[in-house]
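Source file coords_36.txt; content: compact mmCIF, N, CA and C atoms.
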```
# COMPACT_ATOMS: atom_id res chain seq x y z
N MET A 837 86.93 101.70 102.64
CA MET A 837 87.95 102.08 103.61
C MET A 837 88.89 103.10 102.97
N THR A 838 89.57 103.83 103.81
CA THR A 838 90.51 104.86 103.35
C THR A 838 91.89 104.55 103.92
N GLY A 839 92.94 104.83 103.13
CA GLY A 839 94.30 104.61 103.59
C GLY A 839 95.28 105.49 102.85
N ILE A 840 96.56 105.36 103.23
CA ILE A 840 97.65 106.13 102.62
C ILE A 840 98.61 105.16 101.95
N VAL A 841 99.04 105.49 100.73
CA VAL A 841 99.98 104.65 99.98
C VAL A 841 101.38 104.84 100.59
N TYR A 842 101.99 103.73 101.01
CA TYR A 842 103.31 103.77 101.62
C TYR A 842 104.41 103.27 100.70
N LYS A 843 104.04 102.44 99.72
CA LYS A 843 105.06 101.85 98.84
C LYS A 843 104.43 101.58 97.49
N SER A 844 105.23 101.79 96.44
CA SER A 844 104.76 101.56 95.08
C SER A 844 105.78 100.70 94.35
N THR A 845 105.35 99.52 93.88
CA THR A 845 106.22 98.65 93.10
C THR A 845 105.44 98.12 91.90
N GLY A 846 105.75 98.65 90.74
CA GLY A 846 105.04 98.25 89.53
C GLY A 846 103.57 98.60 89.62
N SER A 847 102.72 97.60 89.49
CA SER A 847 101.28 97.84 89.56
C SER A 847 100.71 97.54 90.94
N TRP A 848 101.57 97.20 91.90
CA TRP A 848 101.13 96.90 93.27
C TRP A 848 101.55 98.00 94.22
N TYR A 849 100.71 98.24 95.21
CA TYR A 849 100.94 99.30 96.19
C TYR A 849 100.74 98.73 97.59
N SER A 850 101.45 99.30 98.55
CA SER A 850 101.24 98.95 99.95
C SER A 850 100.48 100.11 100.58
N VAL A 851 99.28 99.82 101.10
CA VAL A 851 98.39 100.85 101.64
C VAL A 851 98.16 100.57 103.12
N LYS A 852 98.31 101.63 103.95
CA LYS A 852 98.08 101.51 105.39
C LYS A 852 96.73 102.14 105.71
N ASP A 853 95.85 101.36 106.36
CA ASP A 853 94.52 101.88 106.68
C ASP A 853 94.54 102.66 107.99
N ASP A 854 93.37 103.13 108.42
CA ASP A 854 93.25 103.95 109.63
C ASP A 854 93.60 103.20 110.91
N THR A 855 93.51 101.87 110.88
CA THR A 855 93.82 101.07 112.07
C THR A 855 95.30 100.71 112.14
N GLY A 856 96.06 101.00 111.08
CA GLY A 856 97.48 100.67 111.04
C GLY A 856 97.81 99.39 110.30
N LYS A 857 96.81 98.73 109.75
CA LYS A 857 97.03 97.50 109.00
C LYS A 857 97.47 97.81 107.58
N PHE A 858 98.45 97.04 107.07
CA PHE A 858 98.93 97.21 105.70
C PHE A 858 98.20 96.23 104.78
N TRP A 859 97.87 96.73 103.58
CA TRP A 859 97.17 95.94 102.57
C TRP A 859 97.97 95.97 101.28
N ASN A 860 97.96 94.86 100.53
CA ASN A 860 98.50 94.81 99.17
C ASN A 860 97.38 95.30 98.25
N ALA A 861 97.67 96.34 97.49
CA ALA A 861 96.61 96.96 96.69
C ALA A 861 97.03 97.08 95.23
N ARG A 862 96.01 97.13 94.37
CA ARG A 862 96.24 97.43 92.97
C ARG A 862 95.11 98.33 92.49
N MET A 863 95.31 98.94 91.32
CA MET A 863 94.34 99.89 90.78
C MET A 863 93.17 99.15 90.15
N LYS A 864 92.03 99.79 90.24
CA LYS A 864 90.86 99.29 89.52
C LYS A 864 90.74 100.12 88.25
N GLY A 865 91.02 99.52 87.09
CA GLY A 865 90.91 100.24 85.83
C GLY A 865 92.01 101.28 85.66
N ILE A 866 91.68 102.38 84.99
CA ILE A 866 92.62 103.45 84.69
C ILE A 866 92.14 104.72 85.36
N PHE A 867 93.04 105.39 86.10
CA PHE A 867 92.71 106.65 86.74
C PHE A 867 93.23 107.79 85.89
N LYS A 868 92.42 108.79 85.68
CA LYS A 868 92.82 110.00 84.96
C LYS A 868 92.83 111.15 85.95
N MET A 869 93.94 111.85 86.04
CA MET A 869 94.05 113.01 86.93
C MET A 869 93.85 114.26 86.09
N GLU A 870 92.89 115.07 86.46
CA GLU A 870 92.56 116.25 85.68
C GLU A 870 93.73 117.23 85.64
N GLY A 871 94.10 117.65 84.42
CA GLY A 871 95.17 118.62 84.24
C GLY A 871 96.57 118.07 84.39
N LEU A 872 96.71 116.75 84.49
CA LEU A 872 98.02 116.15 84.71
C LEU A 872 98.17 114.90 83.86
N THR A 873 99.19 114.87 83.03
CA THR A 873 99.49 113.68 82.25
C THR A 873 100.66 112.98 82.93
N SER A 874 100.37 111.86 83.56
CA SER A 874 101.37 111.18 84.38
C SER A 874 101.51 109.72 83.98
N THR A 875 102.72 109.20 84.15
CA THR A 875 102.96 107.78 83.88
C THR A 875 102.49 106.92 85.05
N ASN A 876 102.34 107.51 86.22
CA ASN A 876 101.88 106.77 87.40
C ASN A 876 100.80 107.58 88.13
N PRO A 877 99.56 107.20 88.01
CA PRO A 877 98.49 107.99 88.63
C PRO A 877 98.48 107.93 90.16
N ILE A 878 99.04 106.87 90.74
CA ILE A 878 99.08 106.74 92.20
C ILE A 878 100.52 106.85 92.66
N ALA A 879 100.76 107.68 93.68
CA ALA A 879 102.12 107.89 94.19
C ALA A 879 102.15 107.67 95.69
N VAL A 880 103.34 107.44 96.23
CA VAL A 880 103.51 107.33 97.66
C VAL A 880 103.03 108.62 98.31
N GLY A 881 102.21 108.48 99.34
CA GLY A 881 101.65 109.64 100.03
C GLY A 881 100.21 109.95 99.64
N ASP A 882 99.73 109.35 98.57
CA ASP A 882 98.34 109.57 98.16
C ASP A 882 97.37 108.97 99.18
N VAL A 883 96.28 109.68 99.41
CA VAL A 883 95.18 109.16 100.21
C VAL A 883 94.20 108.51 99.24
N VAL A 884 93.87 107.25 99.49
CA VAL A 884 93.04 106.49 98.56
C VAL A 884 91.90 105.78 99.29
N ASP A 885 90.82 105.52 98.54
CA ASP A 885 89.74 104.66 99.01
C ASP A 885 89.98 103.29 98.40
N PHE A 886 89.68 102.23 99.15
CA PHE A 886 89.87 100.89 98.62
C PHE A 886 88.80 99.94 99.15
N ALA A 887 88.60 98.87 98.41
CA ALA A 887 87.63 97.84 98.79
C ALA A 887 88.34 96.50 98.87
N THR A 888 87.91 95.68 99.82
CA THR A 888 88.53 94.37 100.01
C THR A 888 88.28 93.48 98.80
N GLU A 889 89.36 92.85 98.34
CA GLU A 889 89.28 91.94 97.20
C GLU A 889 89.41 90.50 97.68
N ASN A 890 90.44 90.24 98.50
CA ASN A 890 90.68 88.91 99.03
C ASN A 890 91.24 89.05 100.44
N GLU A 891 90.37 88.94 101.43
CA GLU A 891 90.76 89.18 102.83
C GLU A 891 91.85 88.21 103.30
N GLY A 892 91.82 86.97 102.83
CA GLY A 892 92.81 85.97 103.23
C GLY A 892 94.22 86.36 102.84
N GLU A 893 94.38 87.04 101.71
CA GLU A 893 95.70 87.47 101.23
C GLU A 893 95.95 88.94 101.52
N SER A 894 95.04 89.60 102.22
CA SER A 894 95.13 91.03 102.52
C SER A 894 95.28 91.86 101.26
N SER A 895 94.57 91.50 100.20
CA SER A 895 94.66 92.27 98.96
C SER A 895 93.38 93.07 98.76
N VAL A 896 93.55 94.29 98.26
CA VAL A 896 92.43 95.20 98.06
C VAL A 896 92.54 95.87 96.70
N MET A 897 91.45 96.50 96.28
CA MET A 897 91.40 97.20 95.01
C MET A 897 91.21 98.70 95.31
N ILE A 898 92.11 99.53 94.77
CA ILE A 898 91.99 100.99 94.94
C ILE A 898 90.90 101.48 94.01
N THR A 899 89.93 102.17 94.59
CA THR A 899 88.78 102.63 93.81
C THR A 899 88.75 104.14 93.58
N LYS A 900 89.47 104.91 94.43
CA LYS A 900 89.45 106.37 94.29
C LYS A 900 90.73 106.97 94.85
N ILE A 901 91.23 108.01 94.18
CA ILE A 901 92.38 108.78 94.68
C ILE A 901 91.84 110.13 95.14
N HIS A 902 92.11 110.50 96.39
CA HIS A 902 91.68 111.80 96.90
C HIS A 902 92.54 112.92 96.31
N ASP A 903 92.04 114.14 96.33
CA ASP A 903 92.80 115.29 95.82
C ASP A 903 94.09 115.44 96.62
N ARG A 904 95.16 115.83 95.91
CA ARG A 904 96.47 116.01 96.53
C ARG A 904 96.63 117.45 97.02
N LYS A 905 97.33 117.62 98.16
CA LYS A 905 97.71 118.96 98.63
C LYS A 905 98.84 119.49 97.76
N ASN A 906 99.78 118.62 97.43
CA ASN A 906 100.96 118.95 96.62
C ASN A 906 101.59 117.66 96.14
N TYR A 907 102.60 117.78 95.30
CA TYR A 907 103.34 116.60 94.84
C TYR A 907 104.69 117.02 94.30
N ILE A 908 105.60 116.04 94.28
CA ILE A 908 106.93 116.22 93.70
C ILE A 908 106.95 115.39 92.43
N ASN A 909 107.36 116.01 91.33
CA ASN A 909 107.38 115.28 90.07
C ASN A 909 108.68 115.52 89.32
N ARG A 910 108.90 114.70 88.30
CA ARG A 910 110.04 114.86 87.40
C ARG A 910 109.56 114.45 86.01
N GLN A 911 110.34 114.79 85.01
CA GLN A 911 109.99 114.40 83.65
C GLN A 911 110.09 112.88 83.53
N SER A 912 109.12 112.27 82.87
CA SER A 912 109.13 110.82 82.69
C SER A 912 110.36 110.40 81.90
N PRO A 913 111.07 109.35 82.36
CA PRO A 913 112.25 108.90 81.63
C PRO A 913 111.90 108.26 80.28
N ARG A 914 110.68 107.74 80.14
CA ARG A 914 110.29 107.06 78.90
C ARG A 914 109.55 107.97 77.94
N ILE A 915 108.57 108.71 78.45
CA ILE A 915 107.73 109.56 77.60
C ILE A 915 107.96 111.01 78.01
N LYS A 916 108.71 111.74 77.20
CA LYS A 916 109.15 113.09 77.57
C LYS A 916 108.01 114.09 77.77
N SER A 917 106.84 113.82 77.18
CA SER A 917 105.72 114.75 77.33
C SER A 917 104.92 114.51 78.61
N GLN A 918 105.28 113.47 79.37
CA GLN A 918 104.56 113.15 80.59
C GLN A 918 105.43 113.37 81.82
N GLN A 919 104.77 113.41 82.98
CA GLN A 919 105.45 113.58 84.25
C GLN A 919 105.43 112.27 85.03
N HIS A 920 106.40 112.10 85.90
CA HIS A 920 106.46 110.96 86.81
C HIS A 920 106.33 111.55 88.21
N ILE A 921 105.26 111.21 88.91
CA ILE A 921 105.04 111.74 90.26
C ILE A 921 105.84 110.89 91.24
N VAL A 922 106.74 111.52 91.96
CA VAL A 922 107.62 110.82 92.89
C VAL A 922 106.93 110.62 94.24
N ALA A 923 106.27 111.67 94.75
CA ALA A 923 105.59 111.60 96.05
C ALA A 923 104.46 112.62 96.07
N ALA A 924 103.45 112.35 96.91
CA ALA A 924 102.31 113.25 97.02
C ALA A 924 102.07 113.61 98.49
N ASN A 925 101.42 114.76 98.70
CA ASN A 925 101.05 115.22 100.04
C ASN A 925 102.26 115.30 100.97
N VAL A 926 103.32 115.91 100.49
CA VAL A 926 104.58 116.01 101.22
C VAL A 926 104.51 117.18 102.21
N ASP A 927 104.83 116.89 103.48
CA ASP A 927 104.83 117.93 104.51
C ASP A 927 106.21 118.54 104.71
N GLY A 928 107.26 117.79 104.39
CA GLY A 928 108.61 118.30 104.56
C GLY A 928 109.60 117.43 103.80
N SER A 929 110.79 117.96 103.60
CA SER A 929 111.82 117.17 102.93
C SER A 929 113.17 117.57 103.48
N LEU A 930 114.13 116.71 103.29
CA LEU A 930 115.47 116.93 103.81
C LEU A 930 116.47 116.53 102.74
N LEU A 931 117.40 117.41 102.43
CA LEU A 931 118.45 117.11 101.46
C LEU A 931 119.78 117.05 102.19
N ILE A 932 120.46 115.93 102.04
CA ILE A 932 121.80 115.77 102.60
C ILE A 932 122.75 115.61 101.42
N ALA A 933 123.74 116.49 101.34
CA ALA A 933 124.66 116.47 100.20
C ALA A 933 126.08 116.70 100.70
N THR A 934 127.04 116.18 99.94
CA THR A 934 128.45 116.40 100.23
C THR A 934 128.96 117.52 99.33
N LEU A 935 129.91 118.28 99.82
CA LEU A 935 130.46 119.39 99.03
C LEU A 935 131.74 119.00 98.31
N LYS A 936 132.52 118.11 98.94
CA LYS A 936 133.85 117.86 98.39
C LYS A 936 134.00 116.46 97.79
N ASP A 937 133.79 115.40 98.57
CA ASP A 937 134.08 114.06 98.08
C ASP A 937 132.99 113.09 98.48
N PRO A 938 132.10 112.65 97.62
CA PRO A 938 131.96 113.05 96.22
C PRO A 938 131.28 114.41 96.11
N ARG A 939 131.62 115.13 95.09
CA ARG A 939 131.11 116.48 94.86
C ARG A 939 129.65 116.41 94.41
N THR A 940 128.80 117.24 94.99
CA THR A 940 127.40 117.35 94.59
C THR A 940 127.26 118.62 93.75
N SER A 941 126.68 118.49 92.58
CA SER A 941 126.56 119.66 91.70
C SER A 941 125.53 120.63 92.25
N GLN A 942 125.76 121.92 92.02
CA GLN A 942 124.82 122.95 92.47
C GLN A 942 123.50 122.83 91.70
N GLY A 943 123.55 122.34 90.47
CA GLY A 943 122.34 122.14 89.69
C GLY A 943 121.39 121.14 90.35
N PHE A 944 121.96 120.07 90.94
CA PHE A 944 121.15 119.10 91.65
C PHE A 944 120.43 119.75 92.83
N ILE A 945 121.17 120.54 93.58
CA ILE A 945 120.58 121.23 94.74
C ILE A 945 119.51 122.21 94.29
N ASP A 946 119.75 122.93 93.20
CA ASP A 946 118.75 123.87 92.66
C ASP A 946 117.48 123.13 92.27
N ARG A 947 117.61 121.99 91.59
CA ARG A 947 116.42 121.22 91.18
C ARG A 947 115.65 120.74 92.39
N PHE A 948 116.35 120.32 93.43
CA PHE A 948 115.68 119.85 94.63
C PHE A 948 114.89 120.96 95.28
N LEU A 949 115.51 122.15 95.36
CA LEU A 949 114.82 123.28 96.00
C LEU A 949 113.66 123.75 95.16
```

Write out the structure in this file as structure tokens.
Amino acid sequence: MTGIVYKSTGSWYSVKDDTGKFWNARMKGIFKMEGLTSTNPIAVGDVVDFATENEGESSVMITKIHDRKNYINRQSPRIKSQQHIVAANVDGSLLIATLKDPRTSQGFIDRFL
């Protein structure tokens, strides 16, 4: 089956399938992304293939990550040589910031853009 990752908490993911059903998912083994050293190989927005592990508990095992159209990343807080992928396959984004109280730095807005 194929689905989209909607939530990521530790090693567990919430995946929505084509019918709209949500599944509790985890990775099978270790995924390596070509050309990318990341602390988290699966991100919210990723399209994944999965297989049923325990239908009674709605748990599945992620077996494949499809190629990403794009992604938003930041430097990993723990390992400076790696990236932390925040979201994948992003179609749009919205930044809401205050100018005066509390003040939003222009550097933050530049990084977002």

Separation of atom N of Thr838 (chain A) from atom C of Ala923 (chain A) in Å: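 Value for the atom C of Ala923 (chain A)-atom N of Thr838 (chain A) distance: 18.9 Å.
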
Residue with smallest distance to Met897 (chain A) - pool A:Ala933, A:Ala861, A:Leu949, A:Met837, counting all atoms listed in the file: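 Looking only at the distances to Met897 (chain A), the closest residue turns out to be A:Ala861.
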
Separation of atom N of Leu930 (chain A) from atom N of Phe948 (chain A), in Å and rounded to one decimal: 10.7 Å

Pick from A:Leu931, A:Gln942, A:Lys936, A:Val841, whichever lies nearest to Asp853 (chain A) using all atoms listed in the file: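 So, comparing all the options, the nearest one is A:Val841.
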
Between CA of Asp903 (chain A) and CA of Val926 (chain A) - distance in Å to one decimal: 13.0 Å

Expected answer as a PyMOL selection string: strand (DSSP E) residues in chain A: chain A and resi 838-845+848-853+858-863+883-890+895-901+907-911+919-924

Contacts of Ile898 (chain A) at 5 Å (only N, CA and C atoms; same-chain gap of 3+ positions) as a list in words: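 Using only N, CA and C atoms, the neighbours found are Arg862, Met863, Lys864, Asp885 and Phe886 of chain A.
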
DSSP-assigned alpha helix (DSSP H) among chain A, expressed as a VMD selection string: chain A and resid 942 to 948

Selection near Ile840 (chain A), 8 Å with all atoms listed in the file, sequence-local residues under 5 positions removed, as a short mmCIF file (atom, residue, chain, number, x, y, z; two decimals) with N, CA and C atoms, in the frame of the given file:
```
data_model
loop_
_atom_site.label_atom_id
_atom_site.label_comp_id
_atom_site.auth_asym_id
_atom_site.auth_seq_id
_atom_site.Cartn_x
_atom_site.Cartn_y
_atom_site.Cartn_z
N SER A 850 101.45 99.30 98.55
CA SER A 850 101.24 98.95 99.95
C SER A 850 100.48 100.11 100.58
N VAL A 851 99.28 99.82 101.10
CA VAL A 851 98.39 100.85 101.64
C VAL A 851 98.16 100.57 103.12
N LYS A 852 98.31 101.63 103.95
CA LYS A 852 98.08 101.51 105.39
C LYS A 852 96.73 102.14 105.71
N ASP A 853 95.85 101.36 106.36
CA ASP A 853 94.52 101.88 106.68
C ASP A 853 94.54 102.66 107.99
N ASP A 854 93.37 103.13 108.42
CA ASP A 854 93.25 103.95 109.63
C ASP A 854 93.60 103.20 110.91
N ALA A 879 100.76 107.68 93.68
CA ALA A 879 102.12 107.89 94.19
C ALA A 879 102.15 107.67 95.69
N VAL A 880 103.34 107.44 96.23
CA VAL A 880 103.51 107.33 97.66
C VAL A 880 103.03 108.62 98.31
N GLY A 881 102.21 108.48 99.34
CA GLY A 881 101.65 109.64 100.03
C GLY A 881 100.21 109.95 99.64
N ASP A 882 99.73 109.35 98.57
CA ASP A 882 98.34 109.57 98.16
C ASP A 882 97.37 108.97 99.18
N VAL A 883 96.28 109.68 99.41
CA VAL A 883 95.18 109.16 100.21
C VAL A 883 94.20 108.51 99.24
N VAL A 884 93.87 107.25 99.49
CA VAL A 884 93.04 106.49 98.56
C VAL A 884 91.90 105.78 99.29
N ASP A 885 90.82 105.52 98.54
CA ASP A 885 89.74 104.66 99.01
C ASP A 885 89.98 103.29 98.40
#
```

Contact residues around Ser894 (chain A) with all atoms listed in the file at 8 Å, ignoring same-chain residues under 2 positions, as number ranges by chain: A: 858-861, 888-892, 896-897

Please produce region 900-913 of chain A, completed to N, CA, C and O atoms, as an mmCIF file, in the frame of the given file.
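Once written, rebuild-v5.cif looks like this:
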```cif
data_model
loop_
_atom_site.group_PDB
_atom_site.id
_atom_site.type_symbol
_atom_site.label_atom_id
_atom_site.label_comp_id
_atom_site.auth_asym_id
_atom_site.auth_seq_id
_atom_site.Cartn_x
_atom_site.Cartn_y
_atom_site.Cartn_z
ATOM 1 N N LYS A 900 89.470 104.910 94.430
ATOM 2 C CA LYS A 900 89.450 106.370 94.290
ATOM 3 C C LYS A 900 90.730 106.970 94.850
ATOM 4 O O LYS A 900 91.250 106.500 95.855
ATOM 5 N N ILE A 901 91.230 108.010 94.180
ATOM 6 C CA ILE A 901 92.380 108.780 94.680
ATOM 7 C C ILE A 901 91.840 110.130 95.140
ATOM 8 O O ILE A 901 91.185 110.842 94.368
ATOM 9 N N HIS A 902 92.110 110.500 96.390
ATOM 10 C CA HIS A 902 91.680 111.800 96.900
ATOM 11 C C HIS A 902 92.540 112.920 96.310
ATOM 12 O O HIS A 902 93.660 112.668 95.849
ATOM 13 N N ASP A 903 92.040 114.140 96.330
ATOM 14 C CA ASP A 903 92.800 115.290 95.820
ATOM 15 C C ASP A 903 94.090 115.440 96.620
ATOM 16 O O ASP A 903 94.125 115.242 97.836
ATOM 17 N N ARG A 904 95.160 115.830 95.910
ATOM 18 C CA ARG A 904 96.470 116.010 96.530
ATOM 19 C C ARG A 904 96.630 117.450 97.020
ATOM 20 O O ARG A 904 96.197 118.382 96.351
ATOM 21 N N LYS A 905 97.330 117.620 98.160
ATOM 22 C CA LYS A 905 97.710 118.960 98.630
ATOM 23 C C LYS A 905 98.840 119.490 97.760
ATOM 24 O O LYS A 905 98.886 120.657 97.429
ATOM 25 N N ASN A 906 99.780 118.620 97.430
ATOM 26 C CA ASN A 906 100.960 118.950 96.620
ATOM 27 C C ASN A 906 101.590 117.660 96.140
ATOM 28 O O ASN A 906 101.165 116.577 96.531
ATOM 29 N N TYR A 907 102.600 117.780 95.300
ATOM 30 C CA TYR A 907 103.340 116.600 94.840
ATOM 31 C C TYR A 907 104.690 117.020 94.300
ATOM 32 O O TYR A 907 104.923 118.159 93.934
ATOM 33 N N ILE A 908 105.600 116.040 94.280
ATOM 34 C CA ILE A 908 106.930 116.220 93.700
ATOM 35 C C ILE A 908 106.950 115.390 92.430
ATOM 36 O O ILE A 908 106.570 114.215 92.439
ATOM 37 N N ASN A 909 107.360 116.010 91.330
ATOM 38 C CA ASN A 909 107.380 115.280 90.070
ATOM 39 C C ASN A 909 108.680 115.520 89.320
ATOM 40 O O ASN A 909 109.458 116.398 89.662
ATOM 41 N N ARG A 910 108.900 114.700 88.300
ATOM 42 C CA ARG A 910 110.040 114.860 87.400
ATOM 43 C C ARG A 910 109.560 114.450 86.010
ATOM 44 O O ARG A 910 108.500 113.833 85.852
ATOM 45 N N GLN A 911 110.340 114.790 85.010
ATOM 46 C CA GLN A 911 109.990 114.400 83.650
ATOM 47 C C GLN A 911 110.090 112.880 83.530
ATOM 48 O O GLN A 911 111.022 112.258 84.049
ATOM 49 N N SER A 912 109.120 112.270 82.870
ATOM 50 C CA SER A 912 109.130 110.820 82.690
ATOM 51 C C SER A 912 110.360 110.400 81.900
ATOM 52 O O SER A 912 110.683 110.981 80.876
ATOM 53 N N PRO A 913 111.070 109.350 82.360
ATOM 54 C CA PRO A 913 112.250 108.900 81.630
ATOM 55 C C PRO A 913 111.900 108.260 80.280
ATOM 56 O O PRO A 913 112.716 108.261 79.371
#
```
